[in-house]
Amino acid sequence: MNAIIGQVNGQESPRYAGLTTFARLPRREDVENFDIAVVGIPFDAGVTFRPGARFGPSAIREASRLLRPYNPALENRPFADAQVVDAGDIDCNPFDIPTALGEIEAGLAHLMSNGAPVVSLGGDHTIALPALRAAHREHGPLALIHFDAHLDTWDTYFDMPYTHGSPFRRASEEGLIRKDRSVHVGVRGSLYDQKDLIDDKELGFTIVSCHDFDRIGVDGILEHVLERVGDAPLYVSVDIDVLDPAHAPGTGTPEAGGMTSRELLAVVRGLRHNKIVAADIVEVAPAYDHAAITSVAAANLAYEFISIMAEQKTTLAPTSD
């Protein structure tokens, strides 16, 4: 068993120096085997409003420089407990969405082989569909927790079937997710029609809206979500616009009345006993950000997912090329 290579020591090399890998972790090519991979997917050809999420992975990596090796909330040392690597970015066609989806799926399937969990940094939410396809190859139909201001179960936009507003309709139609184990969290804002909600229910989703946080709080939300997803292999997708624009202005389709970053981190930490096989954090558009607060929130979310995955290392086999 090879010794784990962790972060560059922040007490020996200033955090603002050196290569900008996620959390200053080793690159995939620097280690023989890995347990968990972080990968960027700089794709935003599926957006319907403000573009710019293609620059999300690099901004999240820059914000992750401040992450430290001990997670006090979960009382673990994720970078010592598991070999975590930055697998770079998946190259994908910026002009042809179906081609890009195939390239993203192939790249993620390679990283996920033998069950290794992956945290994907988007990119727009279109990337969730190929990510679910890749995870389904390895684990079969998945439970899904989808944090978002929006349903993302619309059918088409300008007759296009693959956009950042449609990945979970396509995922449900393709049988990638379990209709009895899927939930949206943080949904709010205006819709085109009440039929959007009817269609969403028929696709197998239940909804925990943002106003439910005022009514039942984080503990009540967690109880509902955990009961819904059960013990099935779990995919977690986080659109950063689930946060209120006060906490995440750097995104393409902001909606008022969202979660706080503290609430979102608390709910994610509550998933520590679930088998999270993959996660994504999408829609970070740094051109609209202020003081990098959106990127900081995304980097810390990725850290929590990695911490949970590191605890589960004994049930998730390491992989090598």
# chains A, B, ... in the order shown; residues from 1 in each chain; ligands from 1
$ select_by_dssp --residues "region 219-269 of chain A" --states "alpha helix (DSSP H)" --output "VMD selection string"
chain A and resid 219 to 229 261 to 269
$ closest_atom_pairs --of "region 204-285 of chain A" --to "region 147-155 of chain A" --cutoff "6 Å" --atoms "only C-alpha atoms" --output "Markdown table"
| residue | atom | partner | partner_atom | distance |
| --- | --- | --- | --- | --- |
| A:Val238 | CA | A:Phe147 | CA | 4.7 |
| A:Asp239 | CA | A:Asp148 | CA | 5.0 |
| A:Asp241 | CA | A:Ala149 | CA | 5.9 |
| A:Val242 | CA | A:Asp148 | CA | 4.2 |
$ select_by_dssp --residues "region 24-99 of chain A" --states "strand (DSSP E or B)" --output "ChimeraX atom specification"
/A:27,34,36-41,71,76,84-89
$ write_last_selection --atoms "C-alpha atoms" --output "mmCIF file, in the first residue's frame"
data_model
loop_
_atom_site.group_PDB
_atom_site.id
_atom_site.type_symbol
_atom_site.label_atom_id
_atom_site.label_comp_id
_atom_site.auth_asym_id
_atom_site.auth_seq_id
_atom_site.Cartn_x
_atom_site.Cartn_y
_atom_site.Cartn_z
ATOM 1 C CA ARG A 27 -2.444 15.779 -9.319
ATOM 2 C CA PHE A 34 -6.395 7.160 -5.625
ATOM 3 C CA ILE A 36 -11.323 10.030 -4.323
ATOM 4 C CA ALA A 37 -10.969 12.322 -7.332
ATOM 5 C CA VAL A 38 -11.891 15.962 -7.787
ATOM 6 C CA VAL A 39 -12.341 16.888 -11.444
ATOM 7 C CA GLY A 40 -13.271 20.056 -13.278
ATOM 8 C CA ILE A 41 -15.832 20.150 -16.081
ATOM 9 C CA ASN A 71 -12.401 18.985 9.488
ATOM 10 C CA ASN A 76 -11.777 13.731 10.574
ATOM 11 C CA VAL A 84 -7.521 12.441 -2.767
ATOM 12 C CA VAL A 85 -6.343 13.777 -6.109
ATOM 13 C CA ASP A 86 -7.108 16.604 -8.475
ATOM 14 C CA ALA A 87 -7.748 14.900 -11.808
ATOM 15 C CA GLY A 88 -7.604 18.129 -13.797
ATOM 16 C CA ASP A 89 -10.342 19.059 -16.245
#
$ closest_residue --among "A:Thr260, A:Gln194, A:Asn274, A:Ser166" --to "Met309 (chain A)" --atoms "only C-alpha atoms"
A:Asn274
$ closest_residue --among "A:Lys195, A:Ala310, A:His139, A:Leu129" --to "Glu173 (chain A)" --atoms "only C-alpha atoms"
A:Leu129
$ residues_around --residues "region 219-231 of chain A" --least-positions-apart "6" --cutoff "8 Å" --atoms "only C-alpha atoms" --output "PyMOL selection string"
chain A and resi 143-145+180-183+208+212-213+267+270-271+274-275
$ closest_residue --among "A:Ala256, A:Leu132, A:Ile177, A:Cys210" --to "Ser120 (chain A)" --atoms "only C-alpha atoms"
A:Leu132
$ residues_around --residues "Leu101 (chain A)" --least-positions-apart "4" --cutoff "8 Å" --atoms "only C-alpha atoms" --output "list in words"
Cys92, Ile97, Glu105, Ile127, Leu129 and Pro130 of chain A
$ atom_distance --atom1 "CA of Ile240 (chain A)" --atom2 "CA of Ala171 (chain A)"
20.0 Å
$ closest_residue --among "A:Met112, A:Ala17, A:Leu74, A:Ala45" --to "Asn93 (chain A)" --atoms "only C-alpha atoms"
A:Ala45
$ residues_around --residues "Val268 (chain A)" --least-positions-apart "5" --cutoff "8 Å" --atoms "only C-alpha atoms" --output "tab-separated table (two decimals) with C-alpha atoms, in the first residue's frame"
chain	number	residue	atom	x	y	z
A	301	LEU	CA	-18.98	22.17	-0.06
A	304	GLU	CA	-17.45	18.36	3.05
A	305	PHE	CA	-18.20	15.82	0.32
$ residues_around --residues "Ala80 (chain A)" --least-positions-apart "2" --cutoff "12 Å" --atoms "only C-alpha atoms" --output "ChimeraX atom specification"
/A:3-7,25,35-36,68-71,76-78,82-85,306-307,310-311,313
$ write_last_selection --atoms "C-alpha atoms" --output "compact mmCIF listing (two decimals), in the first residue's frame"
# COMPACT_ATOMS: atom_id res chain seq x y z
CA ALA A 3 1.77 6.14 1.49
CA ILE A 4 -0.91 8.79 1.12
CA ILE A 5 0.23 12.07 -0.38
CA GLY A 6 -1.73 14.91 1.19
CA GLN A 7 -1.79 18.66 0.80
CA LEU A 25 -3.63 18.26 -3.36
CA ASP A 35 -9.47 6.81 -3.44
CA ILE A 36 -11.32 10.03 -4.32
CA ARG A 68 -6.95 22.89 5.93
CA PRO A 69 -6.33 19.20 6.67
CA TYR A 70 -8.61 18.76 9.73
CA ASN A 71 -12.40 18.99 9.49
CA ASN A 76 -11.78 13.73 10.57
CA ARG A 77 -8.69 14.31 8.44
CA PRO A 78 -9.94 13.57 4.92
CA ALA A 82 -7.89 8.78 1.81
CA GLN A 83 -5.76 9.48 -1.23
CA VAL A 84 -7.52 12.44 -2.77
CA VAL A 85 -6.34 13.78 -6.11
CA ILE A 306 -14.58 14.68 0.33
CA SER A 307 -14.65 14.38 4.13
CA ALA A 310 -13.00 9.62 3.05
CA GLU A 311 -14.90 8.17 6.02
CA LYS A 313 -13.17 4.59 2.05
$ closest_residue --among "A:Glu255, A:Gly123, A:Thr21, A:Glu75" --to "Leu191 (chain A)" --atoms "only C-alpha atoms"
A:Glu255
$ residues_around --residues "Ala131 (chain A)" --least-positions-apart "6" --cutoff "10 Å" --atoms "only C-alpha atoms" --output "list in words"
Leu101, Ile104, Glu105, Ala106, Gly107, Leu108, Ala109, Met112, Val118, Val119, Ser120, Tyr235, Ser237, Ala278, Ala279 and Asp280 of chain A
$ write_last_selection --atoms "N, CA and C atoms" --output "mmCIF file, in the first residue's frame"
data_model
loop_
_atom_site.group_PDB
_atom_site.id
_atom_site.type_symbol
_atom_site.label_atom_id
_atom_site.label_comp_id
_atom_site.auth_asym_id
_atom_site.auth_seq_id
_atom_site.Cartn_x
_atom_site.Cartn_y
_atom_site.Cartn_z
ATOM 1 N N LEU A 101 -21.521 15.845 -23.945
ATOM 2 C CA LEU A 101 -22.082 14.927 -22.945
ATOM 3 C C LEU A 101 -21.378 13.574 -23.009
ATOM 4 N N ILE A 104 -17.862 13.964 -21.482
ATOM 5 C CA ILE A 104 -17.914 14.071 -20.019
ATOM 6 C C ILE A 104 -18.214 12.711 -19.394
ATOM 7 N N GLU A 105 -19.182 11.998 -19.961
ATOM 8 C CA GLU A 105 -19.507 10.669 -19.436
ATOM 9 C C GLU A 105 -18.297 9.741 -19.479
ATOM 10 N N ALA A 106 -17.576 9.737 -20.599
ATOM 11 C CA ALA A 106 -16.412 8.860 -20.726
ATOM 12 C C ALA A 106 -15.333 9.230 -19.716
ATOM 13 N N GLY A 107 -15.080 10.517 -19.552
ATOM 14 C CA GLY A 107 -14.060 10.942 -18.601
ATOM 15 C C GLY A 107 -14.410 10.579 -17.169
ATOM 16 N N LEU A 108 -15.669 10.761 -16.797
ATOM 17 C CA LEU A 108 -16.089 10.429 -15.438
ATOM 18 C C LEU A 108 -16.149 8.920 -15.222
ATOM 19 N N ALA A 109 -16.596 8.186 -16.226
ATOM 20 C CA ALA A 109 -16.644 6.724 -16.090
ATOM 21 C C ALA A 109 -15.254 6.160 -15.831
ATOM 22 N N MET A 112 -14.459 6.863 -12.210
ATOM 23 C CA MET A 112 -15.329 6.143 -11.283
ATOM 24 C C MET A 112 -15.145 4.635 -11.328
ATOM 25 N N VAL A 118 -16.312 10.465 -7.010
ATOM 26 C CA VAL A 118 -15.787 11.623 -7.707
ATOM 27 C C VAL A 118 -16.606 12.851 -7.332
ATOM 28 N N VAL A 119 -15.918 13.954 -7.107
ATOM 29 C CA VAL A 119 -16.564 15.248 -6.919
ATOM 30 C C VAL A 119 -16.285 16.079 -8.161
ATOM 31 N N SER A 120 -17.332 16.420 -8.906
ATOM 32 C CA SER A 120 -17.198 17.185 -10.139
ATOM 33 C C SER A 120 -17.451 18.660 -9.871
ATOM 34 N N TYR A 235 -26.342 9.935 -5.276
ATOM 35 C CA TYR A 235 -25.704 11.007 -6.032
ATOM 36 C C TYR A 235 -26.240 12.325 -5.487
ATOM 37 N N SER A 237 -26.268 16.447 -6.129
ATOM 38 C CA SER A 237 -26.002 17.510 -7.097
ATOM 39 C C SER A 237 -26.342 18.851 -6.467
ATOM 40 N N ALA A 278 -21.054 9.809 -5.766
ATOM 41 C CA ALA A 278 -20.572 10.910 -6.601
ATOM 42 C C ALA A 278 -21.341 12.164 -6.222
ATOM 43 N N ALA A 279 -20.711 13.301 -6.496
ATOM 44 C CA ALA A 279 -21.354 14.586 -6.222
ATOM 45 C C ALA A 279 -20.881 15.593 -7.254
ATOM 46 N N ASP A 280 -21.706 16.600 -7.490
ATOM 47 C CA ASP A 280 -21.257 17.715 -8.308
ATOM 48 C C ASP A 280 -21.632 19.030 -7.646
#
$ closest_residue --among "A:Ile198, A:Ala285, A:Ala266, A:Ala135" --to "Pro233 (chain A)" --atoms "only C-alpha atoms"
A:Ala135
$ atom_distance --atom1 "CA of Arg137 (chain A)" --atom2 "CA of Glu29 (chain A)"
24.4 Å
$ atom_distance --atom1 "CA of Ala248 (chain A)" --atom2 "CA of Pro51 (chain A)"
15.4 Å
